[in-house]
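Working notes, structure below.
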Amino acid sequence: MNQQTHPPFFSKLGAQASRLLLAAMFLTIFSCGGEKEATQAAPDAPLYTLVFLDKTQSVHVDKQYVNEKYRQALTDIIENNMKNKGDKLEVYFIHENTSKARALSLTVRSERDNLEGANATDRESIETTFQLALQKEKGIYLRQLLGKLNQQNTGASNQSTDIWASLPVIAKAGESGSDVKVYYFSDMVESVKGADRRDFHINPPKSDAEAETDAKADTKKLDRYAIGSPQVTIVSPFEPTASSKENNPHVTHYWQTLFQELGGVSVEEL
């Protein structure tokens, strides 16, 4: 007789609360699963690749070692950097007028079909179709790129090497919001006439300390270019047996210091 009982109202409320709690749990699980799937399905942001090909008289792409090394490096760039729709690659020639010397602009157009709701077999078919289209596109782009590699510059512009002029190009690429990868196919011997310029053919840095001093002084002239944080790689034309007179390590140190000062960017050398 002393057993406690709940009025019908509270029993009904408890049942409703239970149903609401269960519904909320299912909704949460469904929402989390959908969000995870959407995150996984989201494509990578397009990659922006800049290739600077030295077309001055100090770099000889007609030499077998240089040509083979550069061909392989360009093949790897196409293969690794052009993977999704919107990935972009631009080629500039390094010479007297580098910033105005865009030679090629390529953008991946191949696109995967929508995978939403597709079963495993359909997904495999969609991926295969996409990869076939992408490889065909890459083959066309590689032929164009190698054509630019072998293009000769016999004009007067091959007398100067204006690598500084690549910086506004890098800054503009960074404005796109994409990750930027930069490749210099060059000996990196800056050579421009003028009181406020560097001519490493005439007066190269003679020590790492001198290279650092020069680079830090030049940063003050060049820090107006907001280059961001690109990944920078120098693909040098020098054989492993090249002497330090031919392949001056202090020149490389100059560029490593300059990029570090401009944006905390590390430079890899191949």
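Within each chain, counting starts at residue 1; across the structure tokens, chains are named A, B, ... in the order shown, with ligands numbered 1 upward in that order.
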
**OP:** Would you kindly return, as a ChimeraX atom specification, each protein, DNA or RNA residue with an atom no farther than 8 Å from any atom of segment 126-142 of chain A, considering only C-alpha atoms and excluding same-chain residues fewer than 4 positions away?
**Re:** /A:74-75,78-79,82-83,106,108,110-113,115,122,146

Pull C-alpha atoms from the residues just selected and write them as a PDB file, in the first residue's frame.
ATOM      1  CA  LEU A  74      59.988  18.349 -64.817  1.00  0.00           C
ATOM      2  CA  THR A  75      58.435  14.891 -65.262  1.00  0.00           C
ATOM      3  CA  ILE A  78      53.925  17.130 -63.590  1.00  0.00           C
ATOM      4  CA  GLU A  79      53.314  13.750 -61.947  1.00  0.00           C
ATOM      5  CA  MET A  82      49.083  18.075 -61.239  1.00  0.00           C
ATOM      6  CA  LYS A  83      46.669  15.692 -59.532  1.00  0.00           C
ATOM      7  CA  LEU A 106      48.589  24.963 -67.628  1.00  0.00           C
ATOM      8  CA  VAL A 108      44.195  20.513 -64.824  1.00  0.00           C
ATOM      9  CA  SER A 110      40.018  16.512 -65.655  1.00  0.00           C
ATOM     10  CA  GLU A 111      37.414  16.025 -62.932  1.00  0.00           C
ATOM     11  CA  ARG A 112      36.094  13.064 -60.967  1.00  0.00           C
ATOM     12  CA  ASP A 113      32.396  12.338 -61.245  1.00  0.00           C
ATOM     13  CA  LEU A 115      31.018   9.728 -55.741  1.00  0.00           C
ATOM     14  CA  ASP A 122      30.995   2.461 -59.381  1.00  0.00           C
ATOM     15  CA  LEU A 146      59.842  19.860 -72.275  1.00  0.00           C
TER      16      LEU A 146
END

Original post:
DSSP on the backbone: what in segment 122-238 of chain A comes out alpha helix (DSSP H), as a ChimeraX atom specification?
Top reply: /A:122-150,166-174,208-222

Test item: residues at most 12 Å from Glu246 of chain A, only C-alpha atoms, excluding those fewer than 5 positions along its chain, as a tab-separated table (two decimals) with N, CA, C and O atoms, in the first residue's frame:
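Output below, filename result32.tsv:
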chain	number	residue	atom	x	y	z
A	58	SER	N	74.67	31.22	-69.20
A	58	SER	CA	75.46	30.44	-68.26
A	58	SER	C	74.87	29.06	-67.98
A	58	SER	O	75.51	28.24	-67.31
A	59	VAL	N	73.66	28.78	-68.45
A	59	VAL	CA	73.03	27.47	-68.24
A	59	VAL	C	72.87	26.78	-69.58
A	59	VAL	O	72.23	27.31	-70.49
A	187	ASP	N	71.39	28.20	-62.26
A	187	ASP	CA	72.60	28.24	-61.45
A	187	ASP	C	72.49	29.31	-60.36
A	187	ASP	O	73.38	29.42	-59.50
A	188	MET	N	71.42	30.10	-60.39
A	188	MET	CA	71.09	31.13	-59.40
A	188	MET	C	72.14	32.24	-59.32
A	188	MET	O	72.27	32.92	-58.31
A	189	VAL	N	72.87	32.43	-60.41
A	189	VAL	CA	73.87	33.49	-60.46
A	189	VAL	C	73.18	34.79	-60.91
A	189	VAL	O	73.08	35.07	-62.11
A	200	PHE	N	76.68	38.53	-59.68
A	200	PHE	CA	77.51	37.48	-59.11
A	200	PHE	C	78.53	36.93	-60.10
A	200	PHE	O	79.44	36.19	-59.71
A	201	HIS	N	78.40	37.27	-61.37
A	201	HIS	CA	79.45	36.90	-62.32
A	201	HIS	C	80.71	37.72	-62.04
A	201	HIS	O	81.84	37.21	-62.14
A	204	PRO	N	80.88	37.73	-56.87
A	204	PRO	CA	80.11	36.74	-56.11
A	204	PRO	C	80.48	36.82	-54.63
A	204	PRO	O	81.57	37.29	-54.28
A	236	SER	N	69.71	22.62	-59.62
A	236	SER	CA	70.94	23.19	-60.18
A	236	SER	C	71.41	22.41	-61.40
A	236	SER	O	71.14	21.21	-61.53
A	237	PRO	N	72.16	23.06	-62.28
A	237	PRO	CA	72.66	22.39	-63.48
A	237	PRO	C	74.05	21.76	-63.27
A	237	PRO	O	74.67	21.31	-64.24
A	238	PHE	N	74.52	21.74	-62.03
A	238	PHE	CA	75.89	21.31	-61.78
A	238	PHE	C	75.99	19.81	-61.51
A	238	PHE	O	75.17	19.25	-60.77
A	239	GLU	N	77.00	19.21	-62.07
A	239	GLU	CA	77.27	17.81	-61.79
A	239	GLU	C	77.84	17.68	-60.38
A	239	GLU	O	78.42	18.63	-59.84
A	240	PRO	N	77.70	16.50	-59.76
A	240	PRO	CA	78.22	16.31	-58.39
A	240	PRO	C	79.71	16.58	-58.27
A	240	PRO	O	80.20	16.94	-57.19
A	241	THR	N	80.45	16.43	-59.37
A	241	THR	CA	81.90	16.64	-59.33
A	241	THR	C	82.31	18.08	-59.62
A	241	THR	O	83.51	18.37	-59.69
A	251	VAL	N	76.77	31.35	-53.09
A	251	VAL	CA	75.63	31.86	-53.84
A	251	VAL	C	74.34	31.19	-53.37
A	251	VAL	O	73.32	31.84	-53.14

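Our summary of the geometry notes that atom CA of Val192 of chain A is positioned 27.8 Å from atom CA of Arg71 of chain A.
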
Subject >> Close residues, Ala103 of chain A itself excluded, 9 Å, only C-alpha atoms, min 5 positions apart in chain, as a PyMOL selection string >> reply: chain A and resi 90-93+148

**OP:** Write out as a VMD selection string each polymer residue whose atoms come within 9 Å of Trp164 of chain A, counting only C-alpha atoms; drop sequence neighbours fewer than 4 positions from it.
**Re:** chain A and resid 98 to 99 168 190 222

Please tabulate, as CSV, the residues of segment 192-243 of chain A that come within 10 Å of segment 44-54 of chain A, each with its closest pair of atoms and the distance in Å to one decimal, counting only C-alpha atoms and ordering rows by chain, then residue number upward.
residue,atom,partner,partner_atom,distance
A:Pro230,CA,A:Thr49,CA,9.6
A:Gln231,CA,A:Thr49,CA,9.5
A:Val232,CA,A:Leu50,CA,9.5
A:Thr233,CA,A:Val51,CA,9.7
A:Ile234,CA,A:Phe52,CA,9.6
A:Val235,CA,A:Leu53,CA,9.7
A:Pro237,CA,A:Asp54,CA,9.9

Step one, run DSSP on the backbone; step two, keep only residues of segment 94-250 of chain A assigned to strand (DSSP E or B); then write them as a PDB file with C-alpha atoms, in the first residue's frame.
ATOM      1  CA  ILE A  94      64.713  33.682 -66.302  1.00  0.00           C
ATOM      2  CA  ARG A 102      55.608  33.876 -68.856  1.00  0.00           C
ATOM      3  CA  ALA A 103      56.033  31.086 -71.385  1.00  0.00           C
ATOM      4  CA  LEU A 104      53.336  28.598 -70.408  1.00  0.00           C
ATOM      5  CA  SER A 105      50.226  28.344 -68.255  1.00  0.00           C
ATOM      6  CA  LEU A 106      48.589  24.963 -67.628  1.00  0.00           C
ATOM      7  CA  THR A 107      45.564  23.991 -65.517  1.00  0.00           C
ATOM      8  CA  THR A 161      69.879  36.952 -65.042  1.00  0.00           C
ATOM      9  CA  ASP A 179      49.616  26.388 -51.737  1.00  0.00           C
ATOM     10  CA  VAL A 180      52.534  27.520 -53.882  1.00  0.00           C
ATOM     11  CA  LYS A 181      55.532  25.453 -54.980  1.00  0.00           C
ATOM     12  CA  VAL A 182      58.419  27.195 -56.713  1.00  0.00           C
ATOM     13  CA  TYR A 183      61.176  25.562 -58.764  1.00  0.00           C
ATOM     14  CA  TYR A 184      64.247  27.347 -60.094  1.00  0.00           C
ATOM     15  CA  PHE A 185      66.019  25.489 -62.887  1.00  0.00           C
ATOM     16  CA  SER A 191      73.584  39.145 -62.807  1.00  0.00           C
ATOM     17  CA  ASP A 199      76.192  40.783 -60.389  1.00  0.00           C
ATOM     18  CA  GLN A 231      57.975  25.696 -50.955  1.00  0.00           C
ATOM     19  CA  VAL A 232      61.144  26.617 -52.876  1.00  0.00           C
ATOM     20  CA  THR A 233      63.424  24.189 -54.696  1.00  0.00           C
ATOM     21  CA  ILE A 234      66.562  24.969 -56.691  1.00  0.00           C
ATOM     22  CA  VAL A 235      67.308  22.413 -59.410  1.00  0.00           C
TER      23      VAL A 235
END
